[in-house]
>>> print(open('data_13.txt').read())   # compact mmCIF, C-alpha atoms
# COMPACT_ATOMS: atom_id res chain seq x y z
CA MET A 1 38.48 1.05 -10.68
CA ILE A 2 38.59 1.70 -14.44
CA GLU A 3 41.95 3.04 -15.59
CA PRO A 4 41.88 6.19 -17.79
CA VAL A 5 42.87 4.34 -20.99
CA ASP A 6 40.22 1.68 -20.42
CA ARG A 7 37.66 4.33 -19.59
CA ARG A 8 38.35 6.19 -22.84
CA ARG A 9 37.95 2.93 -24.73
CA GLU A 10 34.70 2.21 -22.92
CA LEU A 11 33.53 5.74 -23.74
CA GLY A 12 34.17 5.15 -27.45
CA LEU A 13 32.37 1.83 -27.43
CA PHE A 14 29.43 3.31 -25.53
CA LEU A 15 29.10 6.24 -27.95
CA ARG A 16 29.25 3.91 -30.95
CA SER A 17 26.60 1.60 -29.52
CA ARG A 18 24.23 4.51 -28.93
CA ARG A 19 25.00 6.10 -32.32
CA GLU A 20 24.07 2.86 -34.07
CA ARG A 21 20.78 2.79 -32.17
CA VAL A 22 19.49 6.11 -33.56
CA THR A 23 17.99 6.13 -37.05
CA PRO A 24 18.32 9.11 -39.41
CA ALA A 25 14.54 9.47 -39.48
CA GLU A 26 14.44 9.92 -35.70
CA VAL A 27 16.62 13.02 -35.91
CA GLY A 28 15.04 14.45 -39.06
CA LEU A 29 17.66 13.38 -41.60
CA PRO A 30 16.60 12.16 -45.07
CA ASP A 31 16.83 8.49 -45.94
CA THR A 32 19.83 8.15 -48.27
CA GLY A 33 19.36 4.48 -49.00
CA ARG A 34 21.32 1.48 -47.85
CA ARG A 35 23.95 1.96 -45.12
CA ARG A 36 26.93 -0.22 -44.27
CA THR A 37 26.22 0.15 -40.54
CA PRO A 38 22.98 0.79 -38.66
CA GLY A 39 22.10 4.14 -37.16
CA LEU A 40 23.82 7.45 -37.69
CA ARG A 41 27.16 8.00 -39.36
CA ARG A 42 29.86 9.69 -37.29
CA GLU A 43 29.68 12.76 -39.51
CA GLU A 44 25.92 13.03 -39.04
CA LEU A 45 26.13 12.78 -35.28
CA ALA A 46 28.91 15.36 -35.15
CA LEU A 47 26.90 17.76 -37.32
CA LEU A 48 23.77 17.37 -35.18
CA ALA A 49 25.75 17.84 -31.96
CA GLY A 50 27.57 20.89 -33.33
CA ILE A 51 31.10 19.50 -33.11
CA SER A 52 33.89 18.63 -35.55
CA ALA A 53 33.56 15.24 -37.26
CA THR A 54 37.30 14.65 -36.85
CA TRP A 55 37.17 15.53 -33.16
CA TYR A 56 34.19 13.22 -32.62
CA THR A 57 36.01 10.41 -34.44
CA TYR A 58 38.95 10.81 -32.08
CA LEU A 59 36.55 10.66 -29.14
CA GLU A 60 34.95 7.44 -30.37
CA GLN A 61 38.38 5.96 -31.05
CA GLY A 62 39.29 6.44 -27.40
CA ARG A 63 42.02 9.00 -27.96
CA ASP A 64 43.24 11.15 -25.07
CA ILE A 65 41.28 14.36 -25.70
CA ARG A 66 39.43 16.66 -23.34
CA VAL A 67 35.67 16.99 -23.61
CA SER A 68 33.48 19.61 -21.95
CA ASP A 69 30.19 19.18 -20.14
CA GLN A 70 28.52 21.15 -22.94
CA VAL A 71 29.75 18.73 -25.61
CA LEU A 72 28.73 15.70 -23.56
CA THR A 73 25.27 17.18 -23.05
CA ALA A 74 24.95 17.89 -26.79
CA LEU A 75 25.90 14.30 -27.60
CA ALA A 76 23.53 12.94 -24.97
CA THR A 77 20.67 15.04 -26.35
CA THR A 78 21.33 14.02 -29.96
CA LEU A 79 21.64 10.35 -29.00
CA ARG A 80 18.45 10.56 -26.93
CA LEU A 81 20.05 9.14 -23.81
CA ASP A 82 17.92 8.59 -20.76
CA ARG A 83 19.00 9.79 -17.32
CA GLN A 84 21.02 6.67 -16.46
CA GLU A 85 22.75 6.65 -19.86
CA HIS A 86 23.47 10.39 -19.55
CA ASP A 87 25.13 9.89 -16.16
CA HIS A 88 27.06 6.86 -17.46
CA LEU A 89 28.37 8.95 -20.37
CA PHE A 90 29.61 11.62 -17.97
CA ARG A 91 31.34 9.07 -15.75
CA LEU A 92 33.12 7.43 -18.66
CA ALA A 93 34.35 10.86 -19.74
CA GLY A 94 35.72 11.46 -16.23
CA HIS A 95 33.10 14.05 -15.31
CA ALA A 96 30.69 14.20 -12.40
CA PRO A 97 27.17 13.21 -13.44
CA ARG A 98 24.75 16.03 -14.04
CA ALA A 99 22.97 17.45 -11.01
CA GLN A 100 19.58 15.92 -10.41
CA ALA A 101 16.58 18.19 -10.85
CA ASP A 102 15.08 19.39 -7.58
CA THR A 103 11.67 18.12 -8.68
CA PRO A 104 11.98 14.33 -8.79
CA GLU A 105 10.15 12.13 -11.24
CA PRO A 106 6.63 11.21 -10.11
CA LEU A 107 6.21 7.82 -8.51
CA SER A 108 4.72 5.44 -11.04
CA ALA A 109 1.29 3.95 -10.38
CA ASP A 110 2.80 0.45 -10.27
CA ASP A 111 5.34 1.46 -7.62
CA ALA A 112 2.75 3.40 -5.62
CA ALA A 113 0.55 0.30 -5.46
CA VAL A 114 3.19 -1.87 -3.76
CA PRO A 115 2.46 -0.78 -0.14
CA LEU A 116 -1.24 -1.45 -0.76
CA LEU A 117 -0.42 -4.99 -1.87
CA LEU A 118 1.53 -5.56 1.36
CA GLN A 119 -1.44 -4.89 3.66
CA PRO A 120 -1.78 -5.90 6.53
CA HIS A 121 1.97 -5.33 6.98
CA PRO A 122 2.68 -1.62 7.54
CA ALA A 123 4.54 -0.36 4.45
CA TYR A 124 5.40 2.93 2.82
CA ILE A 125 7.71 4.40 0.17
CA ILE A 126 9.88 7.38 1.10
CA ASP A 127 11.97 9.70 -1.04
CA GLY A 128 15.53 10.78 -0.28
CA ASN A 129 14.29 13.68 1.86
CA TYR A 130 11.86 11.38 3.73
CA ASP A 131 8.75 12.58 1.91
CA VAL A 132 6.21 9.76 2.14
CA LEU A 133 5.19 8.99 -1.45
CA SER A 134 2.89 6.01 -0.86
CA PHE A 135 1.56 4.10 2.16
CA ASN A 136 -1.04 1.58 3.24
CA GLU A 137 -3.68 1.60 5.98
CA ALA A 138 -1.53 -0.41 8.35
CA ALA A 139 1.20 2.26 8.18
CA VAL A 140 -1.36 4.99 8.89
CA ALA A 141 -2.52 3.09 11.97
CA LEU A 142 1.02 2.39 13.23
CA PHE A 143 2.23 5.99 12.75
CA PRO A 144 -0.66 8.28 13.81
CA ASN A 145 -0.85 11.74 12.21
CA LEU A 146 1.89 10.92 9.70
CA THR A 147 -0.41 11.45 6.72
CA THR A 148 -2.86 14.03 8.09
CA ALA A 149 -1.17 17.23 6.81
CA ALA A 150 -3.42 18.32 3.95
CA GLU A 151 -1.35 21.31 2.83
CA ARG A 152 1.87 19.43 2.08
CA ARG A 153 3.25 15.96 1.46
CA PRO A 154 3.72 13.88 4.62
CA ASN A 155 7.33 13.59 5.71
CA PHE A 156 8.67 10.94 8.09
CA ALA A 157 11.54 13.07 9.44
CA ARG A 158 9.17 15.93 10.18
CA TRP A 159 6.84 13.48 11.95
CA VAL A 160 9.62 12.07 14.14
CA PHE A 161 10.90 15.46 15.30
CA THR A 162 7.78 17.66 15.37
CA GLU A 163 4.80 15.36 15.99
CA PRO A 164 4.33 14.79 19.76
CA VAL A 165 2.78 11.34 19.28
CA ALA A 166 6.04 10.14 17.64
CA ARG A 167 7.76 10.14 21.03
CA HIS A 168 5.03 7.85 22.32
CA VAL A 169 4.99 5.49 19.33
CA LEU A 170 8.78 5.16 19.10
CA VAL A 171 9.63 3.49 22.40
CA ASP A 172 13.35 4.21 21.94
CA TRP A 173 12.76 7.65 20.46
CA GLU A 174 16.25 9.16 20.93
CA PRO A 175 18.34 6.44 19.23
CA GLU A 176 15.73 6.12 16.50
CA ALA A 177 15.69 9.88 15.92
CA ARG A 178 19.49 10.10 15.94
CA GLY A 179 19.71 7.33 13.35
CA LEU A 180 17.15 8.99 11.11
CA LEU A 181 18.96 12.33 11.35
CA ALA A 182 22.24 10.64 10.42
CA ARG A 183 20.61 9.13 7.34
CA LEU A 184 19.09 12.48 6.39
CA HIS A 185 22.51 14.12 6.87
CA THR A 186 24.02 11.58 4.45
CA LEU A 187 21.38 12.16 1.78
CA ALA A 188 21.28 15.94 2.15
CA ALA A 189 25.06 16.08 1.61
CA ARG A 190 24.50 14.59 -1.85
CA HIS A 191 22.09 17.42 -2.76
CA PRO A 192 23.60 20.52 -1.12
CA ALA A 193 21.72 23.03 -3.28
CA GLN A 194 18.32 21.38 -3.61
CA PRO A 195 15.56 23.29 -1.79
CA ARG A 196 13.57 20.20 -0.86
CA TYR A 197 16.52 19.13 1.30
CA THR A 198 17.68 22.52 2.54
CA HIS A 199 14.15 23.65 3.43
CA LEU A 200 13.50 20.47 5.40
CA VAL A 201 16.79 20.75 7.31
CA ASP A 202 16.06 24.43 8.08
CA GLU A 203 12.55 23.56 9.25
CA LEU A 204 13.82 20.81 11.53
CA HIS A 205 16.44 23.14 13.00
CA GLU A 206 13.77 25.73 13.77
CA SER A 207 11.35 23.28 15.36
CA SER A 208 13.62 20.80 17.18
CA ALA A 209 16.22 21.46 19.84
CA GLU A 210 17.54 17.93 19.32
CA VAL A 211 18.22 18.58 15.64
CA ARG A 212 20.09 21.78 16.51
CA ALA A 213 22.19 19.85 19.03
CA TRP A 214 22.85 16.71 16.97
CA TRP A 215 23.28 18.07 13.42
CA PRO A 216 26.79 19.53 14.05
CA HIS A 217 28.03 16.06 15.03
CA TYR A 218 27.93 15.09 11.32
CA ASP A 219 26.82 11.54 12.00
CA ILE A 220 26.16 9.67 8.75
CA GLN A 221 24.39 6.41 8.07
CA ALA A 222 22.94 4.45 5.16
CA ARG A 223 19.35 3.25 5.09
CA ARG A 224 19.05 -0.33 6.17
CA GLY A 225 16.78 -2.85 7.82
CA GLY A 226 16.68 -3.57 11.52
CA ARG A 227 14.40 -3.85 14.51
CA LYS A 228 12.56 -1.27 16.56
CA ARG A 229 10.09 -1.20 19.40
CA LEU A 230 6.80 0.53 18.64
CA ARG A 231 3.56 1.01 20.55
CA ALA A 232 1.13 -0.68 18.20
CA PRO A 233 -2.61 0.12 18.31
CA GLY A 234 -4.39 -2.16 20.77
CA ARG A 235 -1.27 -4.22 21.48
CA GLY A 236 1.13 -2.03 23.43
CA VAL A 237 4.90 -2.24 23.05
CA THR A 238 5.74 -4.57 20.16
CA GLU A 239 9.10 -5.32 18.54
CA PHE A 240 8.98 -5.01 14.77
CA ALA A 241 11.48 -6.17 12.19
CA TYR A 242 11.68 -3.83 9.22
CA ALA A 243 13.30 -4.19 5.83
CA ALA A 244 14.34 -1.40 3.46
CA PHE A 245 14.47 -1.97 -0.30
CA HIS A 246 15.63 0.58 -2.86
CA LEU A 247 13.43 1.00 -5.91
CA ALA A 248 14.97 -0.12 -9.20
CA GLU A 249 16.81 2.78 -10.90
CA GLN A 250 15.71 5.08 -8.04
CA PRO A 251 18.20 4.30 -5.26
CA GLU A 252 17.14 7.15 -2.95
CA ARG A 253 13.53 5.98 -2.94
CA THR A 254 12.99 3.25 -0.40
CA LEU A 255 10.21 0.78 0.28
CA VAL A 256 10.03 0.08 4.03
CA ILE A 257 8.07 -2.92 5.31
CA TYR A 258 7.35 -3.78 8.96
CA SER A 259 6.57 -7.16 10.49
CA ASP A 260 5.79 -7.99 14.11
CA GLY A 261 7.40 -11.43 13.77
CA ARG A 262 4.16 -13.36 13.32
CA ASP A 263 4.88 -13.76 9.59
CA PRO A 264 8.07 -15.81 9.05
CA ALA A 265 8.15 -14.85 5.37
CA LEU A 266 9.38 -11.33 6.26
CA SER A 267 12.61 -10.98 8.17
CA GLU A 268 15.31 -8.39 8.65
CA GLU A 269 17.14 -7.40 5.47
>>> encode(input="data_13.txt", output="structure tokens")
Amino acid sequence: MIEPVDRRRELGLFLRSRRERVTPAEVGLPDTGRRRTPGLRREELALLAGISATWYTYLEQGRDIRVSDQVLTALATTLRLDRQEHDHLFRLAGHAPRAQADTPEPLSADDAAVPLLLQPHPAYIIDGNYDVLSFNEAAVALFPNLTTAAERRPNFARWVFTEPVARHVLVDWEPEARGLLARLHTLAARHPAQPRYTHLVDELHESSAEVRAWWPHYDIQARRGGRKRLRAPGRGVTEFAYAAFHLAEQPERTLVIYSDGRDPALSEE
């Protein structure tokens, strides 16, 4: 745990490093010739962010001063911080990171291609609310009707609780469904006001008696690998090992890969 004094020092060092990364030309300032240090001067950054130069100097020096969310956002915008840098700035200042937008960033083409590369192993990528963002043919065959809804994005939680064939495919349906609901409960708690979570939870409550009975238990669980018994096409009940990997810089998006044990290169995470 970073102590407050150390955190203020880290905040000052972080701000200085990002200030030195931005050139005057990038923010529309004239080139005034040679500079002793790269990037923006403190006075220039303060002016662009709409704050006092003296106050900003104190902030960069790590002094014990209070800073508002509005000021942090102005600094982040002027310094052109990306999402991770923005959240890091807020944490160093002792603030909660900004709320994530309800519309997540699109899945990149490179990430979306990963399940296709893993064929013939069933694989898919799911978002924090269990929307299925990418999948391969083996996953379609293993989980019938998961991807057939044309009017909306396929969702694994919806499939488990509302698709009748799910209770046939998942040999141990109840413990599997309870575990999934616990993981959804954990993720939904992190986004209490985001419609893509609240709408899904409401829908599941309306359509599933089990969800209505189990949700008040407040079971929580992190995503992880494991084993499960599935009825595989043409093979009957088969035990699969599955591994769950979080995408880089997108920890709530998860690549899930299944193996029936015939490939020793893939084992439980």
>>> closest_residue(input="data_13.txt", among="A:His205, A:Arg34, A:Gly128, A:Ala138", to="His246 of chain A", atoms="all atoms listed in the file")
A:Gly128
>>> residues_around(input="data_13.txt", residues="Trp55 of chain A", least_positions_apart="3", cutoff="12 Å", atoms="all atoms listed in the file", output="ChimeraX atom specification")
/A:42-43,45-47,49-52,58-67,71
>>> closest_residue(input="data_13.txt", among="A:Gly12, A:Pro195, A:Gly179, A:Pro104", to="Leu89 of chain A", atoms="only C-alpha atoms")
A:Gly12
>>> residues_around(input="data_13.txt", residues="Pro106 of chain A", least_positions_apart="4", cutoff="12 Å", atoms="only C-alpha atoms", output="list in words")
Asp110, Asp111, Ala112, Asp127, Leu133, Ser134, Gln250 and Arg253 of chain A
>>> residues_around(input="data_13.txt", residues="segment 159-168 of chain A", least_positions_apart="2", cutoff="7 Å", atoms="all atoms listed in the file", output="PyMOL selection string")
chain A and resi 146+155-157+170-171+173+177+207-208
